[in-house]
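This is coords_6.cif (mmCIF, C-alpha atoms and all ligand atoms).
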data_protein
loop_
_atom_site.label_atom_id
_atom_site.label_comp_id
_atom_site.auth_asym_id
_atom_site.auth_seq_id
_atom_site.Cartn_x
_atom_site.Cartn_y
_atom_site.Cartn_z
CA MET A 1 -72.78 18.49 -41.33
CA ILE A 2 -71.97 17.40 -37.79
CA LEU A 3 -70.32 19.79 -35.34
CA ILE A 4 -68.09 18.17 -32.72
CA ASP A 5 -66.62 19.99 -29.72
CA ILE A 6 -63.84 18.27 -27.80
CA LEU A 7 -63.23 19.50 -24.26
CA THR A 8 -59.73 18.59 -23.17
CA ILE A 9 -56.73 19.86 -21.24
CA PHE A 10 -54.53 18.64 -24.13
CA PRO A 11 -55.89 20.21 -27.34
CA GLU A 12 -52.51 19.57 -28.99
CA TYR A 13 -53.14 15.82 -28.68
CA PHE A 14 -55.57 16.07 -31.61
CA GLU A 15 -53.40 18.12 -33.95
CA SER A 16 -52.08 15.44 -36.28
CA PRO A 17 -54.91 12.84 -36.30
CA PHE A 18 -57.36 15.36 -37.75
CA ARG A 19 -54.93 16.36 -40.46
CA ILE A 20 -54.87 12.95 -42.13
CA GLY A 21 -57.14 10.34 -43.69
CA ILE A 22 -60.89 10.30 -43.72
CA ILE A 23 -61.34 12.82 -40.90
CA LYS A 24 -59.31 15.40 -42.81
CA LYS A 25 -61.34 14.64 -45.93
CA ALA A 26 -64.58 15.02 -43.99
CA ILE A 27 -63.43 18.32 -42.48
CA ASP A 28 -62.20 19.64 -45.84
CA GLY A 29 -65.46 18.59 -47.47
CA GLY A 30 -67.54 20.44 -44.86
CA LEU A 31 -69.15 17.22 -43.60
CA ILE A 32 -67.66 17.44 -40.12
CA SER A 33 -66.46 20.41 -38.13
CA ILE A 34 -64.27 19.85 -35.06
CA ARG A 35 -63.53 22.47 -32.42
CA LEU A 36 -61.00 21.96 -29.66
CA VAL A 37 -61.93 23.55 -26.36
CA ASP A 38 -59.16 23.89 -23.79
CA ILE A 39 -60.73 23.25 -20.38
CA ARG A 40 -57.93 25.20 -18.68
CA ARG A 41 -59.19 28.40 -20.27
CA PHE A 42 -62.28 28.05 -18.10
CA SER A 43 -60.47 27.71 -14.80
CA ALA A 44 -60.99 30.63 -12.41
CA HIS A 45 -57.76 29.65 -10.65
CA ARG A 46 -54.63 31.79 -10.97
CA HIS A 47 -52.57 28.91 -12.33
CA ASN A 48 -55.38 27.51 -14.48
CA GLN A 49 -55.75 24.61 -12.08
CA VAL A 50 -58.40 22.13 -13.21
CA ASP A 51 -57.95 19.35 -10.62
CA ASP A 52 -58.02 18.99 -6.87
CA TYR A 53 -57.71 16.40 -4.07
CA PRO A 54 -60.56 13.94 -3.65
CA PHE A 55 -62.89 14.53 -0.69
CA GLY A 56 -62.64 11.56 1.62
CA GLY A 57 -59.00 10.99 0.71
CA GLY A 58 -57.46 8.50 -1.65
CA ALA A 59 -54.88 8.47 -4.40
CA GLY A 60 -54.65 10.93 -7.27
CA MET A 61 -56.51 14.04 -8.26
CA VAL A 62 -60.04 14.66 -9.50
CA MET A 63 -61.07 17.06 -12.26
CA LYS A 64 -62.96 20.01 -10.79
CA PRO A 65 -66.54 20.64 -11.89
CA GLU A 66 -66.48 24.43 -12.46
CA PRO A 67 -64.13 24.60 -15.50
CA ILE A 68 -66.06 21.79 -17.21
CA PHE A 69 -69.48 23.37 -16.54
CA ARG A 70 -68.16 26.71 -17.81
CA ALA A 71 -66.62 25.15 -20.91
CA ILE A 72 -69.91 23.43 -21.74
CA ARG A 73 -71.82 26.69 -21.21
CA HIS A 74 -69.42 28.28 -23.70
CA VAL A 75 -69.91 25.45 -26.20
CA ARG A 76 -73.70 25.66 -25.93
CA GLN A 77 -73.69 29.31 -26.94
CA GLY A 78 -74.02 29.45 -30.69
CA GLY A 79 -73.76 26.51 -33.04
CA GLY A 80 -77.56 26.23 -33.42
CA TYR A 81 -78.42 22.67 -32.39
CA LYS A 82 -78.20 21.47 -28.79
CA PRO A 83 -75.10 19.24 -28.45
CA ARG A 84 -75.30 15.69 -27.15
CA ILE A 85 -72.79 15.74 -24.28
CA ILE A 86 -70.62 12.67 -23.84
CA LEU A 87 -68.13 11.97 -21.06
CA LEU A 88 -65.32 9.52 -21.82
CA SER A 89 -64.53 7.30 -18.88
CA PRO A 90 -63.86 3.64 -18.11
CA GLN A 91 -67.15 3.60 -16.15
CA GLY A 92 -69.19 4.36 -19.26
CA GLU A 93 -71.30 2.14 -21.49
CA ARG A 94 -69.13 0.21 -23.94
CA PHE A 95 -68.83 1.96 -27.33
CA SER A 96 -70.06 -0.18 -30.23
CA GLN A 97 -70.87 -0.02 -33.93
CA ASP A 98 -74.55 0.52 -33.05
CA LYS A 99 -73.60 3.40 -30.80
CA ALA A 100 -71.45 4.91 -33.60
CA ALA A 101 -74.44 4.75 -35.94
CA ALA A 102 -76.71 6.36 -33.35
CA LEU A 103 -74.24 9.19 -32.67
CA ALA A 104 -73.68 9.81 -36.39
CA GLY A 105 -77.35 10.87 -36.49
CA PHE A 106 -76.80 13.90 -34.21
CA ARG A 107 -76.09 17.38 -35.60
CA ARG A 108 -73.86 18.30 -32.64
CA LEU A 109 -71.73 16.30 -30.21
CA ALA A 110 -69.52 17.45 -27.35
CA PHE A 111 -66.93 15.11 -25.85
CA ILE A 112 -65.50 15.72 -22.39
CA CYS A 113 -62.12 14.04 -21.97
CA GLY A 114 -61.55 13.08 -18.36
CA ARG A 115 -58.03 12.96 -16.88
CA TYR A 116 -56.41 12.23 -13.55
CA GLU A 117 -58.22 9.74 -11.34
CA GLY A 118 -61.63 10.84 -12.52
CA VAL A 119 -64.08 13.68 -12.95
CA ASP A 120 -66.22 15.19 -10.18
CA GLU A 121 -69.43 13.12 -10.15
CA ARG A 122 -71.59 16.25 -10.44
CA VAL A 123 -70.43 16.50 -14.06
CA SER A 124 -71.76 13.05 -15.00
CA GLU A 125 -74.91 13.52 -12.92
CA ASN A 126 -75.95 16.96 -14.07
CA LEU A 127 -74.21 17.87 -17.31
CA VAL A 128 -73.66 14.76 -19.33
CA ASP A 129 -76.16 12.93 -21.56
CA GLU A 130 -74.14 9.73 -21.68
CA GLU A 131 -70.86 8.26 -20.48
CA LEU A 132 -68.90 6.06 -22.89
CA SER A 133 -65.95 3.72 -22.51
CA ILE A 134 -63.95 2.21 -25.37
CA GLY A 135 -63.14 -0.97 -23.46
CA ASP A 136 -62.34 -2.58 -20.17
CA TYR A 137 -58.94 -1.04 -19.59
CA VAL A 138 -57.84 2.23 -18.08
CA LEU A 139 -56.18 4.92 -20.18
CA SER A 140 -54.61 7.97 -18.64
CA GLY A 141 -57.28 10.14 -20.19
CA GLY A 142 -60.28 10.25 -22.47
CA GLU A 143 -58.45 11.81 -25.43
CA ALA A 144 -57.55 8.52 -27.14
CA ALA A 145 -61.12 7.31 -26.54
CA ALA A 146 -62.57 10.47 -28.10
CA LEU A 147 -60.39 9.90 -31.17
CA VAL A 148 -61.54 6.31 -31.53
CA ILE A 149 -65.18 7.28 -31.21
CA ILE A 150 -64.93 10.24 -33.58
CA GLU A 151 -63.25 8.07 -36.20
CA GLY A 152 -65.96 5.41 -35.77
CA ILE A 153 -68.70 8.01 -36.20
CA SER A 154 -67.07 9.91 -39.08
CA ARG A 155 -67.07 6.87 -41.37
CA LEU A 156 -70.84 6.68 -40.99
CA VAL A 157 -71.60 10.30 -41.84
CA PRO A 158 -73.05 10.15 -45.37
CA GLY A 159 -70.51 11.23 -47.97
CA VAL A 160 -67.41 10.69 -45.81
CA VAL A 161 -66.58 7.21 -47.12
CA GLY A 162 -66.98 7.17 -50.91
CA ASN A 163 -68.21 3.61 -51.27
CA GLN A 164 -71.00 3.02 -48.72
CA GLU A 165 -70.71 -0.72 -49.40
CA SER A 166 -67.30 -0.66 -47.74
CA VAL A 167 -69.00 0.67 -44.59
CA THR A 168 -72.01 -1.65 -44.57
CA GLY A 169 -69.80 -4.66 -45.34
CA ASP A 170 -67.58 -3.97 -42.33
CA THR A 171 -67.13 -6.31 -39.45
CA PHE A 172 -69.77 -5.46 -36.82
CA CYS A 173 -72.19 -4.05 -39.37
CA GLY A 174 -73.65 -7.50 -39.61
CA GLN A 175 -73.58 -10.24 -37.03
CA PHE A 176 -70.22 -11.67 -38.13
CA LEU A 177 -66.56 -10.72 -38.37
CA LYS A 178 -65.29 -9.87 -41.84
CA TYR A 179 -64.06 -12.65 -44.13
CA PRO A 180 -60.33 -12.85 -45.10
CA GLN A 181 -59.28 -10.48 -47.88
CA TYR A 182 -56.48 -10.93 -50.45
CA THR A 183 -54.95 -8.82 -53.19
CA ARG A 184 -52.19 -9.29 -55.77
CA PRO A 185 -49.90 -11.16 -56.15
CA ARG A 186 -51.78 -14.46 -56.46
CA ASP A 187 -48.79 -16.25 -55.04
CA TYR A 188 -46.34 -14.69 -52.59
CA LEU A 189 -43.38 -16.81 -51.55
CA GLY A 190 -45.50 -19.94 -51.91
CA MET A 191 -48.44 -18.49 -49.98
CA SER A 192 -51.33 -18.55 -52.40
CA VAL A 193 -54.74 -16.94 -52.58
CA PRO A 194 -57.69 -19.35 -52.09
CA PRO A 195 -58.58 -20.54 -55.64
CA VAL A 196 -62.32 -19.78 -55.22
CA LEU A 197 -61.52 -16.03 -55.18
CA LEU A 198 -59.90 -16.37 -58.61
CA SER A 199 -62.75 -18.44 -60.04
CA GLY A 200 -64.92 -15.54 -61.20
CA ASP A 201 -67.97 -17.42 -59.83
CA HIS A 202 -69.59 -14.76 -57.64
CA GLY A 203 -72.16 -17.13 -56.17
CA LYS A 204 -69.37 -19.39 -54.94
CA ILE A 205 -67.30 -16.42 -53.73
CA ASP A 206 -70.24 -15.05 -51.68
CA GLU A 207 -70.83 -18.48 -50.19
CA TRP A 208 -67.13 -18.90 -49.31
CA ARG A 209 -67.01 -15.47 -47.70
CA LEU A 210 -70.10 -16.13 -45.60
CA THR A 211 -68.72 -19.48 -44.44
CA GLN A 212 -65.40 -17.84 -43.56
CA SER A 213 -67.16 -15.04 -41.69
CA ILE A 214 -69.18 -17.50 -39.63
CA SER A 215 -66.31 -19.83 -38.79
CA ARG A 216 -64.01 -16.92 -37.94
CA THR A 217 -66.67 -15.44 -35.65
CA LEU A 218 -67.26 -18.78 -33.93
CA GLU A 219 -63.54 -19.21 -33.42
CA ARG A 220 -62.56 -15.69 -32.35
CA ARG A 221 -65.70 -13.99 -31.05
CA PRO A 222 -68.39 -16.54 -30.20
CA ASP A 223 -69.94 -13.91 -27.92
CA LEU A 224 -71.10 -11.99 -31.01
CA ILE A 225 -73.32 -14.88 -32.03
CA ASP A 226 -74.26 -16.05 -28.57
CA PRO A 227 -73.93 -13.12 -26.14
CA ASP A 228 -74.99 -14.92 -22.96
CA GLY A 229 -73.20 -18.18 -23.73
CA SER A 230 -76.42 -20.25 -23.57
CA ALA A 231 -75.76 -21.98 -26.91
CA ARG A 232 -72.27 -22.92 -25.71
CA LEU A 233 -73.71 -24.34 -22.50
CA HIS A 234 -76.24 -26.29 -24.55
CA GLN A 235 -73.44 -27.55 -26.80
CA GLU A 236 -71.29 -28.58 -23.83
CA ASP A 237 -74.27 -30.31 -22.26
CA GLY A 238 -74.89 -32.12 -25.56
CA ARG A 239 -71.23 -33.12 -25.76
CA ARG A 240 -71.22 -34.41 -22.19
CA ARG A 241 -74.32 -36.49 -22.83
CA ALA A 242 -72.86 -37.76 -26.12
CA THR A 243 -69.58 -38.68 -24.38
CA ALA A 244 -71.50 -40.44 -21.62
CA ALA A 245 -73.41 -42.33 -24.30
CA GLY A 246 -70.11 -43.20 -26.04
CA THR A 247 -70.67 -41.05 -29.13
CA LYS A 248 -68.97 -37.90 -30.45
CA GLY A 249 -70.53 -34.42 -29.89
CA ALA A 250 -72.60 -32.99 -32.72
CA THR A 251 -70.16 -30.25 -33.72
CA GLY A 252 -66.97 -32.31 -33.69
CA SER A 253 -63.69 -30.60 -32.81
CA ARG A 254 -62.80 -27.02 -33.47
CA LYS A 255 -59.42 -25.36 -33.85
CA PRO A 256 -58.27 -24.03 -30.45
CA PRO A 257 -58.46 -20.23 -30.03
CA ARG A 258 -55.42 -18.33 -31.28
CA SER A 259 -52.80 -17.81 -28.64
CA SER A 260 -52.54 -14.36 -27.06
CA GLY A 261 -48.84 -14.32 -27.95
CA ARG A 262 -47.87 -14.69 -24.30
CA SER A 263 -46.50 -17.92 -23.00
N1 LIG B 301 -60.57 7.13 -19.93
C1 LIG B 301 -59.73 6.27 -19.33
N2 LIG B 301 -59.94 5.02 -19.73
C2 LIG B 301 -60.97 5.08 -20.64
C3 LIG B 301 -61.66 4.11 -21.40
N3 LIG B 301 -61.35 2.81 -21.33
N4 LIG B 301 -62.65 4.53 -22.21
C4 LIG B 301 -62.98 5.83 -22.26
N5 LIG B 301 -62.37 6.81 -21.56
C5 LIG B 301 -61.37 6.43 -20.75
#
What's the structure tokens form of this structure?
Ligand code: ADE
Amino acid sequence: MILIDILTIFPEYFESPFRIGIIKKAIDGGLISIRLVDIRRFSAHRHNQVDDYPFGGGAGMVMKPEPIFRAIRHVRQGGGYKPRIILLSPQGERFSQDKAAALAGFRRLAFICGRYEGVDERVSENLVDEELSIGDYVLSGGEAAALVIIEGISRLVPGVVGNQESVTGDTFCGQFLKYPQYTRPRDYLGMSVPPVLLSGDHGKIDEWRLTQSISRTLERRPDLIDPDGSARLHQEDGRRRATAAGTKGATGSRKPPRSSGRS
């Protein structure tokens, strides 16, 4: 059982996502418990104000420290285990499959959803165990990020996903992206399933899937195989030398990356 507290000024944001799919199943099965904590309840201000102007000037408002510290104090009372406290913000470490697996090992987690232009720095410096981002873009708050992370973690809590193979075989559980998947019909409007998948030869199928995974990863996410780009630089160097010597590069040509859809 993992107990998750979500500190937010919009508890209603989470109403429907937790009532469907695997998170609902996990909650119903007693594998995960989620509590929504409304930060406004911990404001000492008459109008439940939770934000204020930034010292030093600048655009937007900053979330005040007191309501968040008080909300965390409330969360820490009871519940047994000490929660791991996570702040969602675009300045955080990038969330990943490894991070999901690490967090799934905790008995208690508490997510603080930032809003406005940011959260008073004393929260991240003195209250928070880690700061996480779901990617290099700015959302208007941490709620969507908390949802993404909780869904990523929930799948890894033993018992939540029936077939553990479907979790360990996921993209990002290994080094490569997942291979293409097909289901019935065998032929749809002339678009047919690769014959190897219908062959019944599981050795060949495994080999095909691995090849597809590798080529798809090289094409779409070469950074997963070669994070610092050194192999690419080596390859380009090799190609340049080969061209200078009047021969073709070792790897030949590759399909260009898929277009972003923008022209
Ligand atoms: N809050 C705003 N943008 C965010 C992001 N990219 N990740 C996590 N929390 C955020």
Enumerate, in order of chain and increasing residue number, the residues of chain A with an atom no farther than 12 Å from ligand LIG 301 (chain B), each with its shortest atom pair and distance in Å to one decimal, counting all atoms listed in the file, as JSON lines.
{"residue": "A:Thr8", "atom": "CA", "partner": "B:LIG301", "partner_atom": "N1", "distance": 11.9}
{"residue": "A:Ile86", "atom": "CA", "partner": "B:LIG301", "partner_atom": "N5", "distance": 10.4}
{"residue": "A:Leu87", "atom": "CA", "partner": "B:LIG301", "partner_atom": "N5", "distance": 7.7}
{"residue": "A:Leu88", "atom": "CA", "partner": "B:LIG301", "partner_atom": "N5", "distance": 4.0}
{"residue": "A:Ser89", "atom": "CA", "partner": "B:LIG301", "partner_atom": "N5", "distance": 3.5}
{"residue": "A:Pro90", "atom": "CA", "partner": "B:LIG301", "partner_atom": "C3", "distance": 4.0}
{"residue": "A:Gln91", "atom": "CA", "partner": "B:LIG301", "partner_atom": "N4", "distance": 7.6}
{"residue": "A:Gly92", "atom": "CA", "partner": "B:LIG301", "partner_atom": "C4", "distance": 7.1}
{"residue": "A:Glu93", "atom": "CA", "partner": "B:LIG301", "partner_atom": "N4", "distance": 9.0}
{"residue": "A:Arg94", "atom": "CA", "partner": "B:LIG301", "partner_atom": "N4", "distance": 8.0}
{"residue": "A:Phe95", "atom": "CA", "partner": "B:LIG301", "partner_atom": "N4", "distance": 8.4}
{"residue": "A:Ser96", "atom": "CA", "partner": "B:LIG301", "partner_atom": "N4", "distance": 11.9}
{"residue": "A:Phe111", "atom": "CA", "partner": "B:LIG301", "partner_atom": "N5", "distance": 10.4}
{"residue": "A:Ile112", "atom": "CA", "partner": "B:LIG301", "partner_atom": "N5", "distance": 9.5}
{"residue": "A:Cys113", "atom": "CA", "partner": "B:LIG301", "partner_atom": "N5", "distance": 7.2}
{"residue": "A:Gly114", "atom": "CA", "partner": "B:LIG301", "partner_atom": "N1", "distance": 6.2}
{"residue": "A:Arg115", "atom": "CA", "partner": "B:LIG301", "partner_atom": "N1", "distance": 7.1}
{"residue": "A:Tyr116", "atom": "CA", "partner": "B:LIG301", "partner_atom": "C1", "distance": 8.9}
{"residue": "A:Glu117", "atom": "CA", "partner": "B:LIG301", "partner_atom": "C1", "distance": 8.8}
{"residue": "A:Gly118", "atom": "CA", "partner": "B:LIG301", "partner_atom": "N1", "distance": 8.4}
{"residue": "A:Val119", "atom": "CA", "partner": "B:LIG301", "partner_atom": "N1", "distance": 10.2}
{"residue": "A:Glu130", "atom": "CA", "partner": "B:LIG301", "partner_atom": "C4", "distance": 11.8}
{"residue": "A:Glu131", "atom": "CA", "partner": "B:LIG301", "partner_atom": "C4", "distance": 8.4}
{"residue": "A:Leu132", "atom": "CA", "partner": "B:LIG301", "partner_atom": "C4", "distance": 6.0}
{"residue": "A:Ser133", "atom": "CA", "partner": "B:LIG301", "partner_atom": "N4", "distance": 3.4}
{"residue": "A:Ile134", "atom": "CA", "partner": "B:LIG301", "partner_atom": "N4", "distance": 4.1}
{"residue": "A:Gly135", "atom": "CA", "partner": "B:LIG301", "partner_atom": "N3", "distance": 4.7}
{"residue": "A:Asp136", "atom": "CA", "partner": "B:LIG301", "partner_atom": "N3", "distance": 5.6}
{"residue": "A:Tyr137", "atom": "CA", "partner": "B:LIG301", "partner_atom": "N3", "distance": 4.9}
{"residue": "A:Val138", "atom": "CA", "partner": "B:LIG301", "partner_atom": "N2", "distance": 3.9}
{"residue": "A:Leu139", "atom": "CA", "partner": "B:LIG301", "partner_atom": "N2", "distance": 3.8}
{"residue": "A:Ser140", "atom": "CA", "partner": "B:LIG301", "partner_atom": "C1", "distance": 5.4}
{"residue": "A:Gly141", "atom": "CA", "partner": "B:LIG301", "partner_atom": "N1", "distance": 4.5}
{"residue": "A:Gly142", "atom": "CA", "partner": "B:LIG301", "partner_atom": "N1", "distance": 4.0}
{"residue": "A:Glu143", "atom": "CA", "partner": "B:LIG301", "partner_atom": "N5", "distance": 7.4}
{"residue": "A:Ala144", "atom": "CA", "partner": "B:LIG301", "partner_atom": "N5", "distance": 7.6}
{"residue": "A:Ala145", "atom": "CA", "partner": "B:LIG301", "partner_atom": "C4", "distance": 4.9}
{"residue": "A:Ala146", "atom": "CA", "partner": "B:LIG301", "partner_atom": "C4", "distance": 7.5}
{"residue": "A:Leu147", "atom": "CA", "partner": "B:LIG301", "partner_atom": "C4", "distance": 10.1}
{"residue": "A:Val148", "atom": "CA", "partner": "B:LIG301", "partner_atom": "C4", "distance": 9.4}
{"residue": "A:Ile149", "atom": "CA", "partner": "B:LIG301", "partner_atom": "C4", "distance": 9.3}
query: Interatomic distance between CA of Lys25 (chain A) and CA of Ala102 (chain A)?
result: 21.5 Å
query: If we count all atoms listed in the file, what is near Trp208 (chain A) at a cut-off of 9 Å, once residues fewer than 3 positions away on the same chain are taken out, given as a ChimeraX atom specification?
result: /A:179,196-197,203-205,211-213
query: With only C-alpha atoms as the basis for distance, which of A:Gly30, A:Lys82, A:Ile9, A:Glu121 is at the shortest distance from Val50 (chain A)?
result: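 That would be A:Ile9, the residue with the smallest distance to Val50 (chain A).
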- line: Min atom-atom distance to Ile22 (chain A) from the set A:Pro227, A:Gly200, A:Gly169, A:Gly152, counting all atoms listed in the file, belongs to A:Gly152
message: Measuring between all atoms listed in the file, which one of A:Ile68, A:Ile214, A:Ala59, A:Ala26 shows the shortest distance to Ile39 (chain A)?
response: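 Checking each candidate against Ile39 (chain A), we get A:Ile68 as the closest.
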message: Would you compute the distance between CA of Arg35 (chain A) and CA of Asp5 (chain A)? Give it in Å to one decimal.
response: 4.8 Å
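Using only C-alpha atoms, the protein and nucleic acid residues lying at most 12 Å from the point (-68.1, -10.5, -29.1) are Arg94, Ser96, Gln97, Thr171, Phe172, Gln175, Phe176, Leu177, Arg216, Thr217, Leu218, Glu219, Arg220, Arg221, Pro222, Asp223, Leu224, Ile225, Asp226, Pro227, Asp228 and Gly229 of chain A.
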field: Test item: residues at most 9 Å from Arg155 (chain A), all atoms listed in the file, excluding those fewer than 4 positions along its chain, as a list of chain:residue names
entry: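 Returned residues: A:Ile22, A:Ile23, A:Ala26, A:Ala104, A:Ile150, A:Glu151, A:Gly159, A:Val160, A:Val161, A:Val167.
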- request: One decimal, Å: what's the distance from CA of Met1 (chain A) over to CA of Ser33 (chain A), could you say?
  value: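 Computed distance, CA of Met1 (chain A) to CA of Ser33 (chain A), equals 7.3 Å.
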- prompt: With only C-alpha atoms as the atoms that count, which of A:Ile4, A:Pro158, A:Glu66, A:His74 lies nearest to Gly29 (chain A)?
  reply: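 Selected residue with least distance to Gly29 (chain A): A:Pro158.
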field: Nearby residues (all atoms listed in the file) at most 9 Å from Leu103 (chain A), same-chain spacing under 6 positions excluded, as a ChimeraX atom specification
entry: /A:84,109,153
